[in-house]
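Structure file input-v4.cif (mmCIF, C-alpha atoms (C1' of nucleotides)) follows.
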```
data_run
#
loop_
_atom_site.label_atom_id
_atom_site.label_comp_id
_atom_site.auth_asym_id
_atom_site.auth_seq_id
_atom_site.Cartn_x
_atom_site.Cartn_y
_atom_site.Cartn_z
CA MET A 1135 -24.63 -9.75 12.97
CA ALA A 1136 -24.20 -13.38 13.84
CA LEU A 1137 -20.68 -13.19 15.22
CA ARG A 1138 -22.01 -10.78 17.79
CA TYR A 1139 -24.34 -13.46 19.15
CA ALA A 1140 -21.75 -16.18 19.04
CA ILE A 1141 -19.62 -13.99 21.27
CA LEU A 1142 -22.56 -13.25 23.56
CA VAL A 1143 -23.14 -17.00 23.92
CA SER A 1144 -19.53 -17.33 24.98
CA LEU A 1145 -19.81 -14.45 27.45
CA SER A 1146 -23.06 -15.84 28.86
CA GLU A 1147 -21.04 -18.75 30.27
CA GLY A 1148 -18.86 -16.30 32.17
CA ALA A 1149 -16.86 -13.09 31.81
CA LYS A 1150 -14.01 -13.37 29.34
CA SER A 1151 -11.31 -11.35 27.62
CA GLY A 1152 -11.03 -11.17 23.84
CA TYR A 1153 -8.18 -13.60 24.09
CA ASP A 1154 -10.32 -16.09 26.01
CA VAL A 1155 -13.16 -15.82 23.54
CA ALA A 1156 -10.77 -16.32 20.63
CA LYS A 1157 -9.43 -19.43 22.32
CA GLN A 1158 -12.89 -20.84 22.89
CA PHE A 1159 -13.68 -20.17 19.24
CA ASP A 1160 -10.63 -22.17 18.27
CA GLU A 1161 -11.55 -25.18 20.31
CA SER A 1162 -15.34 -25.39 20.40
CA ILE A 1163 -17.69 -22.63 19.22
CA GLY A 1164 -15.51 -22.28 16.16
CA PHE A 1165 -16.74 -25.66 14.95
CA PHE A 1166 -19.96 -23.87 14.09
CA TRP A 1167 -18.83 -20.31 13.65
CA ARG A 1168 -15.21 -19.54 12.79
CA ALA A 1169 -13.72 -16.13 13.45
CA ARG A 1170 -10.23 -14.68 13.59
CA HIS A 1171 -8.99 -12.85 16.64
CA SER A 1172 -8.92 -9.50 14.84
CA GLN A 1173 -12.61 -9.83 14.12
CA ILE A 1174 -13.46 -10.95 17.64
CA TYR A 1175 -11.68 -8.00 19.27
CA ARG A 1176 -13.41 -5.56 16.97
CA GLU A 1177 -16.82 -7.07 17.56
CA MET A 1178 -16.31 -7.07 21.33
CA GLY A 1179 -15.55 -3.37 21.14
CA LYS A 1180 -18.92 -2.89 19.47
CA LEU A 1181 -20.59 -5.05 22.10
CA LYS A 1182 -19.29 -2.65 24.73
CA ASP A 1183 -20.33 0.41 22.71
CA SER A 1184 -23.89 -0.84 22.40
CA GLY A 1185 -24.15 -1.77 26.08
CA LEU A 1186 -24.48 -5.53 25.61
CA ALA A 1187 -21.33 -6.07 27.63
CA ILE A 1188 -19.19 -4.05 30.01
CA ALA A 1189 -15.41 -3.99 29.92
CA GLU A 1190 -13.04 -3.90 32.86
CA GLU A 1191 -9.29 -3.65 32.60
CA VAL A 1192 -7.34 -6.08 34.76
CA GLN A 1193 -3.77 -5.07 35.58
CA GLN A 1194 -1.08 -7.53 34.58
CA SER A 1195 2.66 -7.34 34.41
CA GLY A 1196 4.74 -8.64 31.56
CA LYS A 1197 1.74 -8.92 29.26
CA PRO A 1198 -0.74 -6.37 28.05
CA ASN A 1199 -3.55 -5.86 30.52
CA ARG A 1200 -6.55 -8.13 30.15
CA ILE A 1201 -9.79 -6.45 29.25
CA VAL A 1202 -12.50 -8.60 30.70
CA PHE A 1203 -16.00 -8.38 29.22
CA THR A 1204 -19.10 -9.21 31.21
CA ILE A 1205 -22.47 -9.68 29.56
CA THR A 1206 -25.17 -7.24 30.68
CA ASP A 1207 -28.91 -7.78 31.08
CA ALA A 1208 -29.34 -6.04 27.75
CA GLY A 1209 -26.90 -8.55 26.31
CA ARG A 1210 -28.84 -11.51 27.70
CA GLU A 1211 -32.04 -10.03 26.38
CA ALA A 1212 -30.49 -9.57 22.93
CA LEU A 1213 -29.49 -13.23 22.96
CA LEU A 1214 -33.02 -14.32 23.82
CA GLN A 1215 -34.47 -12.10 21.11
CA TRP A 1216 -32.08 -13.45 18.57
CA SER A 1217 -32.97 -17.06 19.35
CA ARG A 1218 -36.64 -16.29 18.77
CA GLU A 1219 -36.03 -14.99 15.28
CA PRO A 1220 -36.56 -17.50 12.48
CA SER A 1221 -33.18 -18.73 11.27
CA GLU A 1222 -32.65 -19.89 7.71
CA PRO A 1223 -30.22 -22.71 7.01
CA PRO A 1224 -26.90 -21.43 5.69
CA GLU A 1225 -26.04 -21.94 2.06
CA MET A 1226 -23.56 -24.56 1.00
CA LYS A 1227 -20.40 -22.96 -0.25
CA ASP A 1228 -17.86 -25.45 -1.41
CA HIS A 1229 -15.44 -24.88 -4.22
CA PHE A 1230 -14.87 -28.59 -4.53
CA LEU A 1231 -18.50 -29.11 -5.48
CA VAL A 1232 -18.10 -26.38 -8.09
CA GLN A 1233 -15.18 -28.37 -9.50
CA LEU A 1234 -17.33 -31.47 -9.65
CA TYR A 1235 -20.15 -29.55 -11.25
CA GLY A 1236 -17.77 -28.44 -13.97
CA ILE A 1237 -15.81 -31.67 -14.09
CA GLU A 1238 -15.52 -31.59 -17.86
CA SER A 1239 -13.43 -28.41 -17.80
CA VAL A 1240 -11.28 -29.43 -14.92
CA ASP A 1241 -8.41 -31.79 -14.19
CA LEU A 1242 -9.81 -35.22 -13.37
CA ASP A 1243 -6.76 -36.31 -11.47
CA GLY A 1244 -6.87 -33.09 -9.51
CA VAL A 1245 -10.41 -33.98 -8.50
CA ARG A 1246 -9.33 -37.49 -7.49
CA GLN A 1247 -6.49 -36.10 -5.42
CA ASN A 1248 -8.87 -33.74 -3.72
CA LEU A 1249 -11.27 -36.58 -2.96
CA LEU A 1250 -8.47 -38.46 -1.22
CA ARG A 1251 -7.45 -35.38 0.72
CA ARG A 1252 -11.03 -34.71 1.73
CA ILE A 1253 -11.47 -38.23 3.05
CA GLU A 1254 -8.56 -37.61 5.40
CA ARG A 1255 -9.77 -34.19 6.44
CA HIS A 1256 -13.28 -35.32 7.15
CA GLN A 1257 -12.06 -38.35 9.07
CA ASP A 1258 -9.93 -36.05 11.21
CA ARG A 1259 -12.76 -33.69 11.91
CA HIS A 1260 -15.08 -36.57 12.64
CA ALA A 1261 -12.60 -37.87 15.20
CA GLU A 1262 -12.43 -34.43 16.83
CA TYR A 1263 -16.19 -34.26 17.19
CA VAL A 1264 -16.32 -37.78 18.60
CA ILE A 1265 -13.80 -36.90 21.28
CA LYS A 1266 -15.65 -33.73 22.29
CA HIS A 1267 -18.89 -35.67 22.26
CA GLU A 1268 -17.59 -38.41 24.53
CA LEU A 1269 -16.65 -35.84 27.15
CA LEU A 1270 -20.30 -34.86 27.44
CA GLU A 1271 -21.91 -38.27 27.14
CA ASP A 1272 -22.65 -38.91 30.81
CA SER A 1273 -24.12 -35.51 31.47
CA ASN A 1274 -27.82 -34.87 31.28
CA SER A 1275 -27.94 -31.14 31.84
CA LEU A 1276 -29.70 -29.02 29.26
CA ALA A 1277 -26.51 -27.11 28.49
CA ASP A 1278 -24.65 -30.28 27.63
CA LEU A 1279 -27.57 -31.72 25.68
CA GLY A 1280 -27.38 -28.69 23.42
CA LYS A 1281 -23.65 -29.16 22.92
CA GLN A 1282 -24.13 -32.87 22.28
CA LEU A 1283 -26.75 -32.21 19.64
CA ALA A 1284 -24.59 -29.62 17.93
CA LEU A 1285 -21.64 -32.02 17.87
CA GLU A 1286 -23.86 -34.75 16.47
CA VAL A 1287 -24.65 -32.58 13.46
CA GLY A 1288 -20.92 -32.27 12.95
CA MET A 1289 -20.36 -35.99 13.31
CA ARG A 1290 -23.09 -36.84 10.83
CA TRP A 1291 -21.83 -34.29 8.34
CA GLU A 1292 -18.23 -35.43 8.44
CA TRP A 1293 -19.23 -39.03 8.30
CA GLU A 1294 -21.44 -38.50 5.26
CA TRP A 1295 -18.54 -36.83 3.51
CA VAL A 1296 -16.19 -39.71 4.17
CA ASP A 1297 -18.77 -42.13 2.85
CA TRP A 1298 -19.69 -40.05 -0.17
CA CYS A 1299 -16.05 -39.36 -1.11
CA THR A 1300 -15.26 -43.05 -1.01
CA LYS A 1301 -18.13 -43.84 -3.35
CA ALA A 1302 -17.41 -40.88 -5.61
CA LEU A 1303 -13.83 -42.07 -5.96
CA GLU A 1304 -15.06 -45.42 -7.25
CA ARG A 1305 -17.38 -43.78 -9.74
CA LEU A 1306 -14.58 -41.53 -10.96
CA ALA A 1307 -12.00 -44.31 -11.07
CA PRO A 1308 -10.10 -44.54 -14.35
CA GLU A 1309 -11.68 -47.93 -15.13
CA ALA A 1310 -15.13 -46.48 -14.64
CA ILE A 1311 -14.45 -43.49 -16.87
CA GLU A 1312 -12.88 -45.49 -19.67
CA GLY A 1313 -16.08 -46.94 -21.05
CA MET A 1314 -17.97 -43.70 -20.66
CA THR A 1315 -19.54 -41.70 -23.47
CA ASN A 1316 -18.65 -38.09 -24.15
CA VAL A 1317 -15.37 -38.25 -22.34
CA VAL A 1318 -13.11 -35.94 -24.28
CA PRO A 1319 -10.20 -34.65 -22.23
CA PHE A 1320 -9.52 -30.96 -22.61
CA LYS A 1321 -6.12 -31.38 -24.24
CA GLN A 1322 -7.57 -33.48 -27.08
CA ARG A 1323 -10.43 -31.07 -27.59
CA GLU A 1324 -7.90 -28.31 -28.09
CA LYS A 1325 -6.03 -30.35 -30.68
CA LYS A 1326 -9.20 -31.10 -32.62
CA HIS A 1327 -9.88 -27.38 -32.80
CA ALA A 1328 -6.40 -26.70 -34.08
CA GLU A 1329 -6.57 -29.21 -36.91
CA MET B 410 -10.95 -16.01 -5.49
CA ALA B 411 -13.44 -18.85 -5.70
CA LEU B 412 -16.27 -16.95 -7.30
CA ARG B 413 -13.96 -16.28 -10.20
CA TYR B 414 -13.64 -20.01 -10.87
CA ALA B 415 -17.31 -20.71 -10.40
CA ILE B 416 -17.95 -18.16 -13.15
CA LEU B 417 -15.25 -19.69 -15.33
CA VAL B 418 -16.92 -23.08 -14.94
CA SER B 419 -20.13 -21.51 -16.13
CA LEU B 420 -18.41 -19.84 -19.09
CA SER B 421 -16.62 -23.07 -19.98
CA GLU B 422 -20.00 -24.52 -20.93
CA GLY B 423 -20.52 -21.70 -23.42
CA ALA B 424 -20.32 -17.92 -23.80
CA LYS B 425 -22.69 -16.04 -21.52
CA SER B 426 -23.65 -12.58 -20.39
CA GLY B 427 -23.57 -11.54 -16.76
CA TYR B 428 -27.29 -11.94 -16.71
CA ASP B 429 -27.05 -15.52 -17.98
CA VAL B 430 -24.41 -16.41 -15.43
CA ALA B 431 -26.50 -14.92 -12.62
CA LYS B 432 -29.47 -16.97 -13.77
CA GLN B 433 -27.45 -20.17 -13.82
CA PHE B 434 -26.20 -19.37 -10.33
CA ASP B 435 -29.78 -19.05 -9.19
CA GLU B 436 -30.83 -22.38 -10.55
CA SER B 437 -27.84 -24.70 -10.38
CA ILE B 438 -24.29 -23.61 -9.60
CA GLY B 439 -25.69 -21.50 -6.81
CA PHE B 440 -26.55 -24.68 -4.90
CA PHE B 441 -22.84 -24.90 -4.19
CA TRP B 442 -21.72 -21.31 -4.54
CA ARG B 443 -24.22 -18.49 -4.08
CA ALA B 444 -23.55 -15.02 -5.44
CA ARG B 445 -25.60 -11.90 -6.08
CA HIS B 446 -25.76 -10.34 -9.49
CA SER B 447 -23.81 -7.27 -8.39
CA GLN B 448 -20.92 -9.45 -7.38
CA ILE B 449 -21.07 -11.52 -10.55
CA TYR B 450 -20.97 -8.49 -12.82
CA ARG B 451 -18.05 -7.06 -10.88
CA GLU B 452 -16.13 -10.31 -11.00
CA MET B 453 -16.75 -10.74 -14.73
CA GLY B 454 -15.28 -7.32 -15.32
CA LYS B 455 -12.13 -8.51 -13.55
CA LEU B 456 -12.14 -11.71 -15.62
CA LYS B 457 -12.01 -9.57 -18.72
CA ASP B 458 -9.30 -7.31 -17.27
CA SER B 459 -7.08 -10.27 -16.51
CA GLY B 460 -7.61 -11.87 -19.90
CA LEU B 461 -9.44 -14.97 -18.70
CA ALA B 462 -12.47 -14.00 -20.78
CA ILE B 463 -13.20 -11.64 -23.64
CA ALA B 464 -16.28 -9.43 -23.81
CA GLU B 465 -18.34 -8.59 -26.86
CA GLU B 466 -21.28 -6.23 -26.91
CA VAL B 467 -24.38 -7.52 -28.70
CA GLN B 468 -26.82 -4.88 -29.93
CA GLN B 469 -30.38 -5.16 -28.67
CA SER B 470 -33.38 -2.88 -28.77
CA GLY B 471 -35.66 -2.19 -25.88
CA LYS B 472 -33.21 -3.64 -23.38
CA PRO B 473 -29.64 -2.73 -22.50
CA ASN B 474 -27.16 -4.38 -24.84
CA ARG B 475 -25.93 -7.82 -23.83
CA ILE B 476 -22.27 -8.11 -23.05
CA VAL B 477 -21.31 -11.64 -23.88
CA PHE B 478 -18.24 -13.15 -22.24
CA THR B 479 -16.26 -15.95 -23.82
CA ILE B 480 -13.66 -17.92 -21.89
CA THR B 481 -10.13 -17.70 -23.31
CA ASP B 482 -7.40 -20.34 -23.37
CA ALA B 483 -5.86 -18.55 -20.40
CA GLY B 484 -9.21 -18.90 -18.67
CA ARG B 485 -9.37 -22.64 -19.34
CA GLU B 486 -5.82 -23.01 -18.14
CA ALA B 487 -6.61 -21.09 -14.94
CA LEU B 488 -9.51 -23.46 -14.32
CA LEU B 489 -7.28 -26.52 -14.75
CA GLN B 490 -4.66 -25.04 -12.44
CA TRP B 491 -7.27 -24.28 -9.84
CA SER B 492 -8.60 -27.83 -9.85
CA ARG B 493 -5.13 -29.17 -9.21
CA GLU B 494 -4.68 -27.13 -6.06
CA PRO B 495 -5.50 -28.90 -2.82
CA SER B 496 -8.88 -27.73 -1.58
CA GLU B 497 -9.77 -27.71 2.08
CA PRO B 498 -13.33 -28.44 3.16
CA PRO B 499 -15.25 -25.28 3.98
CA GLU B 500 -16.02 -24.45 7.56
CA MET B 501 -19.47 -24.94 8.95
CA LYS B 502 -21.09 -21.65 9.71
CA ASP B 503 -24.52 -22.01 11.17
CA HIS B 504 -26.03 -19.64 13.68
CA PHE B 505 -28.57 -22.24 14.66
CA LEU B 506 -25.81 -24.53 15.91
CA VAL B 507 -24.45 -21.62 17.91
CA GLN B 508 -27.89 -21.29 19.51
CA LEU B 509 -27.87 -24.97 20.37
CA TYR B 510 -24.37 -24.72 21.74
CA GLY B 511 -25.53 -21.95 24.05
CA ILE B 512 -28.98 -23.41 24.69
CA GLU B 513 -28.92 -22.44 28.35
CA SER B 514 -28.85 -18.73 27.55
CA VAL B 515 -31.36 -18.89 24.79
CA ASP B 516 -35.12 -19.28 24.34
CA LEU B 517 -35.95 -22.98 24.29
CA ASP B 518 -39.20 -22.49 22.44
CA GLY B 519 -37.38 -20.35 19.92
CA VAL B 520 -35.05 -23.26 19.32
CA ARG B 521 -37.97 -25.66 18.92
CA GLN B 522 -39.66 -23.33 16.45
CA ASN B 523 -36.45 -23.12 14.49
CA LEU B 524 -36.15 -26.88 14.43
CA LEU B 525 -39.62 -27.14 12.91
CA ARG B 526 -38.82 -24.46 10.35
CA ARG B 527 -35.54 -26.15 9.47
CA ILE B 528 -37.26 -29.47 8.86
CA GLU B 529 -39.45 -27.77 6.27
CA ARG B 530 -36.57 -25.91 4.67
CA HIS B 531 -34.36 -28.95 4.40
CA GLN B 532 -37.20 -31.04 3.02
CA ASP B 533 -37.78 -28.40 0.35
CA ARG B 534 -34.14 -28.25 -0.59
CA HIS B 535 -33.92 -32.02 -0.63
CA ALA B 536 -36.84 -32.15 -3.04
CA GLU B 537 -35.13 -29.60 -5.29
CA TYR B 538 -31.97 -31.65 -5.46
CA VAL B 539 -33.93 -34.83 -6.16
CA ILE B 540 -35.68 -33.21 -9.12
CA LYS B 541 -32.43 -31.91 -10.58
CA HIS B 542 -30.87 -35.31 -10.00
CA GLU B 543 -33.62 -37.20 -11.75
CA LEU B 544 -33.11 -35.12 -14.87
CA LEU B 545 -29.57 -36.46 -15.12
CA GLU B 546 -30.16 -40.04 -14.08
CA ASP B 547 -30.14 -41.68 -17.51
CA SER B 548 -27.04 -39.94 -18.73
CA ASN B 549 -23.63 -41.48 -18.41
CA SER B 550 -21.45 -38.68 -19.69
CA LEU B 551 -18.65 -37.48 -17.45
CA ALA B 552 -20.13 -33.98 -17.26
CA ASP B 553 -23.41 -35.32 -15.93
CA LEU B 554 -21.72 -37.74 -13.57
CA GLY B 555 -20.01 -34.77 -11.95
CA LYS B 556 -23.30 -32.94 -11.59
CA GLN B 557 -24.99 -36.06 -10.24
CA LEU B 558 -22.29 -36.51 -7.62
CA ALA B 559 -22.51 -32.88 -6.56
CA LEU B 560 -26.27 -33.11 -6.22
CA GLU B 561 -25.91 -36.30 -4.20
CA VAL B 562 -23.85 -34.42 -1.62
CA GLY B 563 -26.72 -31.95 -1.40
CA MET B 564 -29.31 -34.69 -1.08
CA ARG B 565 -27.39 -36.43 1.67
CA TRP B 566 -26.82 -33.19 3.56
CA GLU B 567 -30.43 -32.08 3.46
CA TRP B 568 -31.65 -35.52 4.36
CA GLU B 569 -29.35 -35.76 7.34
CA TRP B 570 -30.67 -32.45 8.57
CA VAL B 571 -34.29 -33.54 8.34
CA ASP B 572 -33.47 -36.71 10.23
CA TRP B 573 -31.36 -34.99 12.86
CA CYS B 574 -33.90 -32.18 13.43
CA THR B 575 -36.64 -34.72 13.99
CA LYS B 576 -34.59 -36.54 16.60
CA ALA B 577 -33.39 -33.32 18.21
CA LEU B 578 -36.97 -32.18 18.57
CA GLU B 579 -37.78 -35.31 20.55
CA ARG B 580 -34.80 -34.84 22.81
CA LEU B 581 -35.75 -31.21 23.41
CA ALA B 582 -39.45 -31.94 23.88
CA PRO B 583 -40.94 -30.42 27.07
CA GLU B 584 -41.49 -33.90 28.55
CA ALA B 585 -37.87 -34.78 28.00
CA ILE B 586 -36.61 -31.56 29.58
CA GLU B 587 -38.88 -31.75 32.64
CA GLY B 588 -36.97 -34.46 34.44
CA MET B 589 -33.61 -33.00 33.57
CA THR B 590 -31.03 -31.71 36.03
CA ASN B 591 -29.64 -28.19 35.95
CA VAL B 592 -32.56 -26.79 34.02
CA VAL B 593 -32.98 -23.29 35.33
CA PRO B 594 -34.81 -21.03 32.91
CA PHE B 595 -33.26 -17.59 32.52
CA LYS B 596 -36.21 -15.68 33.98
CA GLN B 597 -36.03 -17.62 37.24
CA ARG B 598 -32.29 -17.18 37.46
CA GLU B 599 -32.79 -13.44 37.24
CA LYS B 600 -35.28 -13.50 40.08
CA LYS B 601 -32.94 -15.49 42.27
CA HIS B 602 -30.31 -12.87 41.71
CA ALA B 603 -32.66 -10.10 42.70
CA GLU B 604 -33.69 -11.68 45.97
"C1'" DC C 998 -55.61 -0.70 -18.86
"C1'" DA C 999 -52.72 -1.49 -14.92
"C1'" DT C 1000 -49.45 -4.31 -12.99
"C1'" DA C 1001 -46.04 -7.58 -12.65
"C1'" DT C 1002 -42.27 -9.99 -14.56
"C1'" DA C 1003 -38.35 -10.71 -17.45
"C1'" DT C 1004 -34.48 -8.68 -19.76
"C1'" DA C 1005 -29.70 -6.37 -18.81
"C1'" DT C 1006 -26.29 -3.62 -16.84
"C1'" DT C 1007 -23.96 -0.08 -13.82
"C1'" DC C 1008 -22.87 1.88 -9.60
"C1'" DC C 1009 -22.35 2.69 -4.81
"C1'" DA C 1010 -22.50 2.65 0.14
"C1'" DC C 1011 -21.95 -0.53 3.47
"C1'" DT C 1012 -20.80 -4.61 6.37
"C1'" DA C 1013 -18.13 -8.80 7.09
"C1'" DA C 1014 -13.98 -11.16 7.09
"C1'" DT C 1015 -9.03 -12.09 6.17
"C1'" DG C 1016 -4.40 -11.83 7.17
"C1'" DG C 1017 -0.69 -10.12 9.19
"C1'" DA C 1018 2.34 -6.56 11.45
"C1'" DA C 1019 3.55 -4.49 15.77
"C1'" DT C 1020 4.31 -4.58 20.70
"C1'" DA C 1021 5.90 -6.69 25.15
"C1'" DT C 1022 7.32 -10.37 28.32
"C1'" DA C 1023 7.25 -14.75 31.02
"C1'" DG C 1024 8.49 -19.48 31.01
"C1'" DG C 1025 9.87 -24.01 29.18
"C1'" DG C 1026 12.77 -27.08 26.15
"C1'" DG C 1027 16.96 -28.12 23.96
"C1'" DC D 68 21.54 -18.94 25.97
"C1'" DC D 69 18.38 -19.07 22.30
"C1'" DC D 70 14.16 -20.08 20.42
"C1'" DC D 71 9.53 -21.17 20.68
"C1'" DT D 72 5.08 -20.80 22.66
"C1'" DA D 73 1.69 -18.64 25.30
"C1'" DT D 74 -0.28 -14.40 26.83
"C1'" DA D 75 -2.93 -10.11 25.15
"C1'" DT D 76 -4.28 -6.37 22.43
"C1'" DT D 77 -4.35 -2.81 18.60
"C1'" DC D 78 -4.39 -1.47 14.03
"C1'" DC D 79 -4.76 -1.51 9.13
"C1'" DA D 80 -4.86 -2.60 4.27
"C1'" DT D 81 -7.37 -5.50 1.46
"C1'" DT D 82 -10.81 -8.61 -0.33
"C1'" DA D 83 -15.42 -10.57 -0.31
"C1'" DG D 84 -20.10 -10.07 -0.15
"C1'" DT D 85 -24.79 -7.56 0.60
"C1'" DG D 86 -28.43 -4.93 -0.80
"C1'" DG D 87 -30.61 -1.88 -3.40
"C1'" DA D 88 -31.21 2.23 -6.55
"C1'" DA D 89 -31.33 3.67 -11.29
"C1'" DT D 90 -32.41 2.99 -16.13
"C1'" DA D 91 -35.32 1.30 -20.10
"C1'" DT D 92 -38.69 -1.56 -22.50
"C1'" DA D 93 -41.25 -5.76 -24.09
"C1'" DT D 94 -44.48 -9.16 -22.87
"C1'" DA D 95 -47.67 -11.67 -20.20
"C1'" DT D 96 -51.51 -11.75 -16.54
"C1'" DG D 97 -55.51 -10.29 -14.59
#
```
Please render this file's structure as structure tokens.
Amino acid sequence: MALRYAILVSLSEGAKSGYDVAKQFDESIGFFWRARHSQIYREMGKLKDSGLAIAEEVQQSGKPNRIVFTITDAGREALLQWSREPSEPPEMKDHFLVQLYGIESVDLDGVRQNLLRRIERHQDRHAEYVIKHELLEDSNSLADLGKQLALEVGMRWEWEWVDWCTKALERLAPEAIEGMTNVVPFKQREKKHAE
Amino acid sequence: MALRYAILVSLSEGAKSGYDVAKQFDESIGFFWRARHSQIYREMGKLKDSGLAIAEEVQQSGKPNRIVFTITDAGREALLQWSREPSEPPEMKDHFLVQLYGIESVDLDGVRQNLLRRIERHQDRHAEYVIKHELLEDSNSLADLGKQLALEVGMRWEWEWVDWCTKALERLAPEAIEGMTNVVPFKQREKKHAE
DNA sequence: CATATATATTCCACTAATGGAATATAGGGG
DNA sequence: CCCCTATATTCCATTAGTGGAATATATATG
């Protein structure tokens, strides 16, 4: 049900085609709610069916016709209603943390490699958020304040990851592990069993 | 495919029934990868079918028989392979951030209420992680180091949220909004249109 | 004694999401 | 001239995940 509202938010800024919405998802809303184009088109069809948006076909040549969706009053009302409902924080879902949790049964060097990769990824994402944030910095409209705040969550999150990964890497460094108790690599455990 | 590995991690600590795995998901692994019991049972069936675990029925009276799953060598190998694959950070998916992003088209008081609720929720979760973390603090085995690190991600995340929500609330306080440009509540906009 | 909770699994309808093929053409870069 | 990218939508098979009913009994709480 949430994608529906993410799309309505996008349409509330102005009428758009499925293609336009998909593009906006790729470059901004998608930071907080990712969706593929196939899902967006389908959901927009449902939006039309339930009267939250109306669709108008715009003739084009060379390309398929644009189908432009405009939010209706019912759509705006649905958006308001939705924002009044209590929202629970989403659950963390990260396979890397599962790997860490089960670090004993997993390849330590694989984990280290993934930490390095994550540092890069989170630095990149952090940089993206910073750029988007800078574009809004001078504005003091409510709309832009909301976008700023949302981007700040992203910046904090990515930054925390970079910091945590760096520290985790130290604590999982080979020198740190060496003196540790109960460290029995999987391969050796297997051998023991076989003896 | 990730649930499969989360279950294998659980089984790598010892043979378990679907019920046991579901319980562990509720109280620990589920912090990083949530799953409902129906999904866990289904996935464990597939684990058996693909030879990553073997199933043995244990007779019981009064309750349905336990079906205990034991990880196989193929299962352990699959886990190692998985941990060597590069893992991308998960995408943020938070409807509240979508609301913020579209704050103009949304109920401001709804957003404020949700900020208050989120502060509570994130404080609660933070406290949970702290408790779990304290239980591991004295240990210096690799297994517990991994769990500590994973919990520290959780602690940081929840703490950042509490901090950010508090600051966001100030910036969205009625006094702060009053002097702002471009603030046209939806209801008034509608009226303007009608005139 | 009634009620709730814990134990333990199966099954199913449903919704959400992925991923990619298919279709059609304009315009820019090499 | 060829290839790539952008434009724009439809469709579909498949996987992932939700949510709850059904079944059966022991034990603890009030």
| request: Find the residues around region 1005-1008 of chain C up to 12 Å (all atoms listed in the file counted), leave out those fewer than 3 positions away in its own chain, and share them as a VMD selection string. | output: (chain B and resid 426 to 432 446 to 451 454 466 to 477) or (chain D and resid 87 to 92)
| request: Kindly resolve the PyMOL selection byres ((chain C and resi 1002) around 9) on the present coordinates and return the residues as a ChimeraX atom specification. | output: /C:1001,1003 /D:94-95
| request: May I have the residues of chain D within 9 Å of chain A, counting only C-alpha atoms (C1' of nucleotides), written as a ChimeraX atom specification? | output: /D:74-77
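Between CA of Asp1241 (chain A) and CA of Ile480 (chain B) lies a distance of 16.7 Å.
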| Hey, what's within 8 Å of region 1266-1268 of chain A if we count all atoms listed in the file and toss same-chain stuff fewer than 5 positions away? As a list in words, please? | Gln1282, Leu1285 and Glu1286 of chain A
| task | Could you tell me which residues the PyMOL selection byres ((chain B and resi 503) around 12) grabs in this file, written as a count of residues only? | result | 30
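Run against this file, the PyMOL selection byres ((chain C) within 12 of (chain A)) gives back DT1012, DA1013, DA1014, DT1015, DG1016, DG1017, DT1020, DA1021, DT1022, DA1023 and DG1024 of chain C.
Across the structure, CA of His535 (chain B) and CA of Glu1294 (chain A) are spaced 15.2 Å apart.
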| CA of Asp435 (chain B) to CA of Ile540 (chain B), distance in Å rounded to a single decimal | 15.3 Å
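Distances here use all atoms listed in the file; by that measure, the residue among B:Leu544, B:Ala552, B:Val539, B:Leu420 closest to chain A is B:Ala552.
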Report the centre and edge lengths, in Å to one decimal, of an axis-aligned box enclosing every atom of region 489-507 of chain B listed in the file, padded by 4 Å on each side, as lines of an AutoDock Vina configuration file.
```
center_x = -16.6
center_y = -24.4
center_z = 1.6
size_x = 31.9
size_y = 17.5
size_z = 40.7
```
| request: Please provide as a ChimeraX atom specification all residues within 12 Å of Pro1308 (chain A), with the sequence filter that same-chain residues fewer than 6 positions apart are discarded (counting all atoms listed in the file). | output: /A:1242-1243,1246,1302,1314,1317 /B:551
Give me a file of those residues, with C-alpha atoms, as a PDB file, keeping the file's coordinate frame.
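Saved result, out_19.pdb, follows:
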```pdb
ATOM      1  CA  LEU A1242      -9.810 -35.220 -13.370  1.00  0.00           C
ATOM      2  CA  ASP A1243      -6.760 -36.310 -11.470  1.00  0.00           C
ATOM      3  CA  ARG A1246      -9.330 -37.490  -7.490  1.00  0.00           C
ATOM      4  CA  ALA A1302     -17.410 -40.880  -5.610  1.00  0.00           C
ATOM      5  CA  MET A1314     -17.970 -43.700 -20.660  1.00  0.00           C
ATOM      6  CA  VAL A1317     -15.370 -38.250 -22.340  1.00  0.00           C
TER       7      VAL A1317
ATOM      8  CA  LEU B 551     -18.650 -37.480 -17.450  1.00  0.00           C
TER       9      LEU B 551
END
```
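Of the residues under consideration (A:Ile1253, A:Ala1261, A:Ala1212, A:Val1143), A:Val1143 shows the shortest atom-to-atom contact distance to chain B when counting all atoms listed in the file.
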| At most 12 Å from (-36.5, -29.1, 12.1), file frame, only C-alpha atoms (C1' of nucleotides): which residues, as a PyMOL selection string? | (chain A and resi 1220-1223) or (chain B and resi 505+519-533+567-579+581)
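The residue that comes closest to chain A, out of B:Arg580, B:Val515, B:Ala462, B:Leu545 and on the basis of all atoms listed in the file, is B:Val515.
The nearest approach to chain B among the residues A:Leu1213, A:Ala1307, A:Met1178, A:Ile1141, with only C-alpha atoms taken into account, belongs to A:Leu1213.
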